[in-house]
Amino acid sequence: MIFDVLTLLPEVFAPYLQASVLGRAMEAGLLAVNVVNIRDHAEGRHRVCDDYPYGGGQGMLMKPEPVAAALDAVRQPGEAVWLLTPQGERFDDAMARALAREPRVLLLCARYEGLDDRVRQLYAPREVSVGDYVLTGGELAALCVIDAAARFLPGVLGNEASPERDTFGDGLLEAPQYTRPREFRGLAVPPVLLDGHHEEIRRWRRLQSLLLTRSRRPDLFAKLALTEEDRALLAAADAQAPADAEADAEADADADKPKSE
Ligand code: 6GU
């Protein structure tokens with residue numbers, strides 16, 4: 001898969017991409033990230049890329065000409081264009097999976113206080129945000145998008161790991177994990193994990209995932225299609241630890257409350 005990234009901060013991409021699992025993916029030819037400096041497409045001796053907003057207001061905007069010139073130079077026929085902006089639709093697991101099936105996608109990183117709106121009107125990009133907070137630019141968001149999509153490219157995680165087993169792969173948060181030593185600062189590894197009884201371990205992990213998802217992400221829990229086994233595991237846990245169940249129920253209720261500030 002190929003990403004074209006249009007940015008005013010081209011130097012920030014290589015350090016992360018090369019240091020991570022994605023560096024190996026790029027060496028193996030599974031992933032390519034073509035980082036393009038928008039400034040290289042600006043006119044004039046100073047290659048100015050920003051200007052004041054008409055009508056006044058805070059900060060600087062990205063001028064439309066260099067961005068359009070960069071888009072025209074880089075974009076391949078049929079290539080999807082994503083604009084990274086906090087005004088966009090929220091990026092999620094389903095979008096990452098779908099993205100990984102595209103051969104080539106262009107990511108346009110907005111900087112400053114944003115982009116002259118005519119770029120949006122002319123190129124009709126898909127506008128994407130990585131969460132409800134504001135970053136100083138789209139670069140970190142673009143790295144999030146590249147990283148999350150790359151995990152779904154065949155071969156990137158190796159044979160052992162499967163993105164399906166991770167959090168969100170099945171709509172559940174992952175169960176807690178432990179490695180050596182068996183005891184650390186007075187805390188023991190749950191005995192069930194030490195027995196090598198695979199069926200018991202599977203059931204324990206399933207229950208932990210269900211409990212964690214129910215208490216922490218009631219929005220995800222509500223969407224689950226619980227199996228007979230899930231219901232039985234939860235019922236047994238709730239009967240055994242009514243105090244925990246009450247705490248879970250409280251967390252559920254809190255999460256459902258409308259935020260009043
Ligand atoms: Cl895509 N860009 C910026 N600047 N801030 C963000 C974002 C994107 N997603 C969340 N916050």
# chains A, B, ... in the order shown; residues from 1 in each chain; ligands from 1
call {"tool": "residues_around", "arguments": {"residues": "stretch 86-91 of chain A", "least_positions_apart": "3", "cutoff": "6 Å", "atoms": "only C-alpha atoms", "output": "ChimeraX atom specification"}}
result
/A:127-130
call {"tool": "write_last_selection", "arguments": {"atoms": "all heavy atoms", "output": "PDB file, in the first residue's frame"}}
result
ATOM      1  N   GLU A 127     -12.933  14.129   4.971  1.00  0.00           N
ATOM      2  CA  GLU A 127     -12.360  14.828   6.116  1.00  0.00           C
ATOM      3  C   GLU A 127     -12.383  13.914   7.329  1.00  0.00           C
ATOM      4  O   GLU A 127     -13.423  13.373   7.693  1.00  0.00           O
ATOM      5  CB  GLU A 127     -13.125  16.116   6.384  1.00  0.00           C
ATOM      6  CG  GLU A 127     -12.984  17.085   5.219  1.00  0.00           C
ATOM      7  CD  GLU A 127     -13.842  18.323   5.365  1.00  0.00           C
ATOM      8  OE1 GLU A 127     -13.550  19.127   6.265  1.00  0.00           O
ATOM      9  OE2 GLU A 127     -14.802  18.459   4.596  1.00  0.00           O
ATOM     10  N   VAL A 128     -11.207  13.746   7.937  1.00  0.00           N
ATOM     11  CA  VAL A 128     -11.041  12.754   8.998  1.00  0.00           C
ATOM     12  C   VAL A 128     -10.329  13.372  10.198  1.00  0.00           C
ATOM     13  O   VAL A 128      -9.356  14.111  10.047  1.00  0.00           O
ATOM     14  CB  VAL A 128     -10.231  11.543   8.470  1.00  0.00           C
ATOM     15  CG1 VAL A 128      -9.949  10.555   9.580  1.00  0.00           C
ATOM     16  CG2 VAL A 128     -10.966  10.877   7.310  1.00  0.00           C
ATOM     17  N   SER A 129     -10.835  13.059  11.381  1.00  0.00           N
ATOM     18  CA  SER A 129     -10.265  13.493  12.656  1.00  0.00           C
ATOM     19  C   SER A 129      -9.879  12.255  13.455  1.00  0.00           C
ATOM     20  O   SER A 129     -10.477  11.198  13.300  1.00  0.00           O
ATOM     21  CB  SER A 129     -11.322  14.301  13.422  1.00  0.00           C
ATOM     22  OG  SER A 129     -11.016  14.357  14.806  1.00  0.00           O
ATOM     23  N   VAL A 130      -8.882  12.372  14.332  1.00  0.00           N
ATOM     24  CA  VAL A 130      -8.530  11.228  15.172  1.00  0.00           C
ATOM     25  C   VAL A 130      -9.067  11.350  16.594  1.00  0.00           C
ATOM     26  O   VAL A 130      -8.761  10.511  17.445  1.00  0.00           O
ATOM     27  CB  VAL A 130      -7.006  10.958  15.191  1.00  0.00           C
ATOM     28  CG1 VAL A 130      -6.528  10.527  13.808  1.00  0.00           C
ATOM     29  CG2 VAL A 130      -6.221  12.157  15.688  1.00  0.00           C
TER      30      VAL A 130
END
call {"tool": "closest_atom_pairs", "arguments": {"of": "chain A", "to": "ligand 1", "cutoff": "12 Å", "atoms": "only C-alpha atoms and all ligand atoms", "output": "JSON lines"}}
result
{"residue": "A:Thr7", "atom": "CA", "partner": "ligand 1", "partner_atom_place_in_ligand_line": "2 (N)", "distance": 12.0}
{"residue": "A:Trp82", "atom": "CA", "partner": "ligand 1", "partner_atom_place_in_ligand_line": "1 (Cl)", "distance": 9.4}
{"residue": "A:Leu83", "atom": "CA", "partner": "ligand 1", "partner_atom_place_in_ligand_line": "1 (Cl)", "distance": 7.3}
{"residue": "A:Leu84", "atom": "CA", "partner": "ligand 1", "partner_atom_place_in_ligand_line": "1 (Cl)", "distance": 3.6}
{"residue": "A:Thr85", "atom": "CA", "partner": "ligand 1", "partner_atom_place_in_ligand_line": "1 (Cl)", "distance": 3.7}
{"residue": "A:Pro86", "atom": "CA", "partner": "ligand 1", "partner_atom_place_in_ligand_line": "7 (C)", "distance": 4.0}
{"residue": "A:Gln87", "atom": "CA", "partner": "ligand 1", "partner_atom_place_in_ligand_line": "7 (C)", "distance": 7.6}
{"residue": "A:Gly88", "atom": "CA", "partner": "ligand 1", "partner_atom_place_in_ligand_line": "1 (Cl)", "distance": 7.0}
{"residue": "A:Glu89", "atom": "CA", "partner": "ligand 1", "partner_atom_place_in_ligand_line": "9 (N)", "distance": 9.1}
{"residue": "A:Arg90", "atom": "CA", "partner": "ligand 1", "partner_atom_place_in_ligand_line": "9 (N)", "distance": 7.8}
{"residue": "A:Phe91", "atom": "CA", "partner": "ligand 1", "partner_atom_place_in_ligand_line": "9 (N)", "distance": 8.4}
{"residue": "A:Asp92", "atom": "CA", "partner": "ligand 1", "partner_atom_place_in_ligand_line": "9 (N)", "distance": 11.6}
{"residue": "A:Leu107", "atom": "CA", "partner": "ligand 1", "partner_atom_place_in_ligand_line": "1 (Cl)", "distance": 9.9}
{"residue": "A:Leu108", "atom": "CA", "partner": "ligand 1", "partner_atom_place_in_ligand_line": "1 (Cl)", "distance": 9.4}
{"residue": "A:Cys109", "atom": "CA", "partner": "ligand 1", "partner_atom_place_in_ligand_line": "2 (N)", "distance": 7.4}
{"residue": "A:Ala110", "atom": "CA", "partner": "ligand 1", "partner_atom_place_in_ligand_line": "4 (N)", "distance": 6.5}
{"residue": "A:Arg111", "atom": "CA", "partner": "ligand 1", "partner_atom_place_in_ligand_line": "4 (N)", "distance": 6.7}
{"residue": "A:Tyr112", "atom": "CA", "partner": "ligand 1", "partner_atom_place_in_ligand_line": "4 (N)", "distance": 8.3}
{"residue": "A:Glu113", "atom": "CA", "partner": "ligand 1", "partner_atom_place_in_ligand_line": "4 (N)", "distance": 8.2}
{"residue": "A:Gly114", "atom": "CA", "partner": "ligand 1", "partner_atom_place_in_ligand_line": "4 (N)", "distance": 7.9}
{"residue": "A:Leu115", "atom": "CA", "partner": "ligand 1", "partner_atom_place_in_ligand_line": "4 (N)", "distance": 10.8}
{"residue": "A:Arg126", "atom": "CA", "partner": "ligand 1", "partner_atom_place_in_ligand_line": "1 (Cl)", "distance": 11.1}
{"residue": "A:Glu127", "atom": "CA", "partner": "ligand 1", "partner_atom_place_in_ligand_line": "1 (Cl)", "distance": 8.0}
{"residue": "A:Val128", "atom": "CA", "partner": "ligand 1", "partner_atom_place_in_ligand_line": "1 (Cl)", "distance": 5.7}
{"residue": "A:Ser129", "atom": "CA", "partner": "ligand 1", "partner_atom_place_in_ligand_line": "9 (N)", "distance": 3.7}
{"residue": "A:Val130", "atom": "CA", "partner": "ligand 1", "partner_atom_place_in_ligand_line": "9 (N)", "distance": 3.9}
{"residue": "A:Gly131", "atom": "CA", "partner": "ligand 1", "partner_atom_place_in_ligand_line": "10 (C)", "distance": 4.3}
{"residue": "A:Asp132", "atom": "CA", "partner": "ligand 1", "partner_atom_place_in_ligand_line": "10 (C)", "distance": 5.6}
{"residue": "A:Tyr133", "atom": "CA", "partner": "ligand 1", "partner_atom_place_in_ligand_line": "11 (N)", "distance": 4.7}
{"residue": "A:Val134", "atom": "CA", "partner": "ligand 1", "partner_atom_place_in_ligand_line": "5 (N)", "distance": 4.0}
{"residue": "A:Leu135", "atom": "CA", "partner": "ligand 1", "partner_atom_place_in_ligand_line": "5 (N)", "distance": 3.7}
{"residue": "A:Thr136", "atom": "CA", "partner": "ligand 1", "partner_atom_place_in_ligand_line": "4 (N)", "distance": 5.0}
{"residue": "A:Gly137", "atom": "CA", "partner": "ligand 1", "partner_atom_place_in_ligand_line": "4 (N)", "distance": 3.9}
{"residue": "A:Gly138", "atom": "CA", "partner": "ligand 1", "partner_atom_place_in_ligand_line": "2 (N)", "distance": 3.9}
{"residue": "A:Glu139", "atom": "CA", "partner": "ligand 1", "partner_atom_place_in_ligand_line": "2 (N)", "distance": 7.4}
{"residue": "A:Leu140", "atom": "CA", "partner": "ligand 1", "partner_atom_place_in_ligand_line": "2 (N)", "distance": 7.6}
{"residue": "A:Ala141", "atom": "CA", "partner": "ligand 1", "partner_atom_place_in_ligand_line": "1 (Cl)", "distance": 4.8}
{"residue": "A:Ala142", "atom": "CA", "partner": "ligand 1", "partner_atom_place_in_ligand_line": "1 (Cl)", "distance": 6.9}
{"residue": "A:Leu143", "atom": "CA", "partner": "ligand 1", "partner_atom_place_in_ligand_line": "1 (Cl)", "distance": 9.9}
{"residue": "A:Cys144", "atom": "CA", "partner": "ligand 1", "partner_atom_place_in_ligand_line": "1 (Cl)", "distance": 9.2}
{"residue": "A:Val145", "atom": "CA", "partner": "ligand 1", "partner_atom_place_in_ligand_line": "1 (Cl)", "distance": 9.1}
call {"tool": "closest_residue", "arguments": {"among": "A:Ile201, A:Ala148, A:Ala232, A:Leu194", "to": "A:Arg97", "atoms": "only C-alpha atoms"}}
result
A:Ala148
call {"tool": "residues_around", "arguments": {"residues": "A:Glu174", "least_positions_apart": "5", "cutoff": "9 Å", "atoms": "only C-alpha atoms", "output": "ChimeraX atom specification"}}
result
/A:165-168,205-206,208-210,212-213
call {"tool": "residues_around", "arguments": {"residues": "A:Asn34", "least_positions_apart": "3", "cutoff": "12 Å", "atoms": "only C-alpha atoms", "output": "PyMOL selection string"}}
result
chain A and resi 1-7+10-11+13-14+17+26+31+37+74-75+104-108+146
call {"tool": "select_by_dssp", "arguments": {"residues": "stretch 43-102 of chain A", "states": "strand (DSSP E or B)", "output": "list in words"}}
result
Asp50, Asp51, Leu61, Met62, Ala80, Val81, Trp82, Leu83, Leu84, Thr85, Pro86, Gln87, Gly88, Glu89 and Arg90 of chain A
call {"tool": "write_last_selection", "arguments": {"atoms": "C-alpha atoms", "output": "compact mmCIF listing (two decimals), in the first residue's frame"}}
result
# COMPACT_ATOMS: atom_id res chain seq x y z
CA ASP A 50 0.38 30.90 4.74
CA ASP A 51 -1.61 34.13 4.83
CA LEU A 61 -4.32 29.89 7.03
CA MET A 62 -2.67 27.66 4.45
CA ALA A 80 -8.72 8.93 -2.55
CA VAL A 81 -7.82 12.17 -0.76
CA TRP A 82 -8.16 12.41 3.02
CA LEU A 83 -7.90 15.77 4.74
CA LEU A 84 -6.78 15.46 8.37
CA THR A 85 -8.77 18.00 10.34
CA PRO A 86 -10.49 18.13 13.74
CA GLN A 87 -13.68 18.98 11.78
CA GLY A 88 -13.64 15.55 10.14
CA GLU A 89 -15.52 12.33 10.85
CA ARG A 90 -13.93 10.34 13.67
call {"tool": "closest_residue", "arguments": {"among": "A:Glu102, A:Glu199, A:Asp147, A:Asp219", "to": "A:Leu173", "atoms": "only C-alpha atoms"}}
result
A:Asp219
call {"tool": "closest_residue", "arguments": {"among": "A:Gly196, A:Pro15, A:Pro103, A:Pro77", "to": "A:Ala150", "atoms": "only C-alpha atoms"}}
result
A:Pro103
call {"tool": "residues_around", "arguments": {"residues": "A:Phe152", "least_positions_apart": "3", "cutoff": "7 Å", "atoms": "only C-alpha atoms", "output": "VMD selection string"}}
result
chain A and resid 97 100 149 163
call {"tool": "write_last_selection", "arguments": {"atoms": "N, CA and C atoms", "output": "PDB file, in the first residue's frame"}}
result
ATOM      1  N   ARG A  97      -9.469  -0.649   8.750  1.00  0.00           N
ATOM      2  CA  ARG A  97      -9.569  -1.902   7.976  1.00  0.00           C
ATOM      3  C   ARG A  97      -9.869  -1.634   6.507  1.00  0.00           C
ATOM      4  N   ALA A 100      -6.960  -0.148   4.564  1.00  0.00           N
ATOM      5  CA  ALA A 100      -5.897  -1.105   4.234  1.00  0.00           C
ATOM      6  C   ALA A 100      -6.203  -1.889   2.955  1.00  0.00           C
ATOM      7  N   ALA A 149      -3.813   1.617   9.770  1.00  0.00           N
ATOM      8  CA  ALA A 149      -4.136   0.893   8.534  1.00  0.00           C
ATOM      9  C   ALA A 149      -3.076  -0.164   8.254  1.00  0.00           C
ATOM     10  N   PRO A 163      -4.415  -8.985  13.894  1.00  0.00           N
ATOM     11  CA  PRO A 163      -5.136  -7.791  14.309  1.00  0.00           C
ATOM     12  C   PRO A 163      -6.555  -8.117  14.775  1.00  0.00           C
TER      13      PRO A 163
END
call {"tool": "select_by_dssp", "arguments": {"residues": "stretch 23-230 of chain A", "states": "helix (DSSP H, G or I)", "output": "PyMOL selection string"}}
result
chain A and resi 23-27+38-41+64-74+93-99+117-123+139-150+163-165+191-194+198-216+218-223+228-230
call {"tool": "closest_residue", "arguments": {"among": "A:Gln76, A:Gln177, A:Ser20, A:Gln121", "to": "A:Val156", "atoms": "only C-alpha atoms"}}
result
A:Ser20
call {"tool": "closest_residue", "arguments": {"among": "A:Pro125, A:Gly23, A:Leu30, A:Pro64", "to": "A:Ala42", "atoms": "only C-alpha atoms"}}
result
A:Pro64
call {"tool": "closest_residue", "arguments": {"among": "A:Leu153, A:Arg203, A:Ala96, A:Gly57", "to": "A:Glu229", "atoms": "only C-alpha atoms"}}
result
A:Arg203
call {"tool": "atom_distance", "arguments": {"atom1": "atom CA of A:Pro191", "atom2": "atom CA of A:Arg216"}}
result
24.4 Å
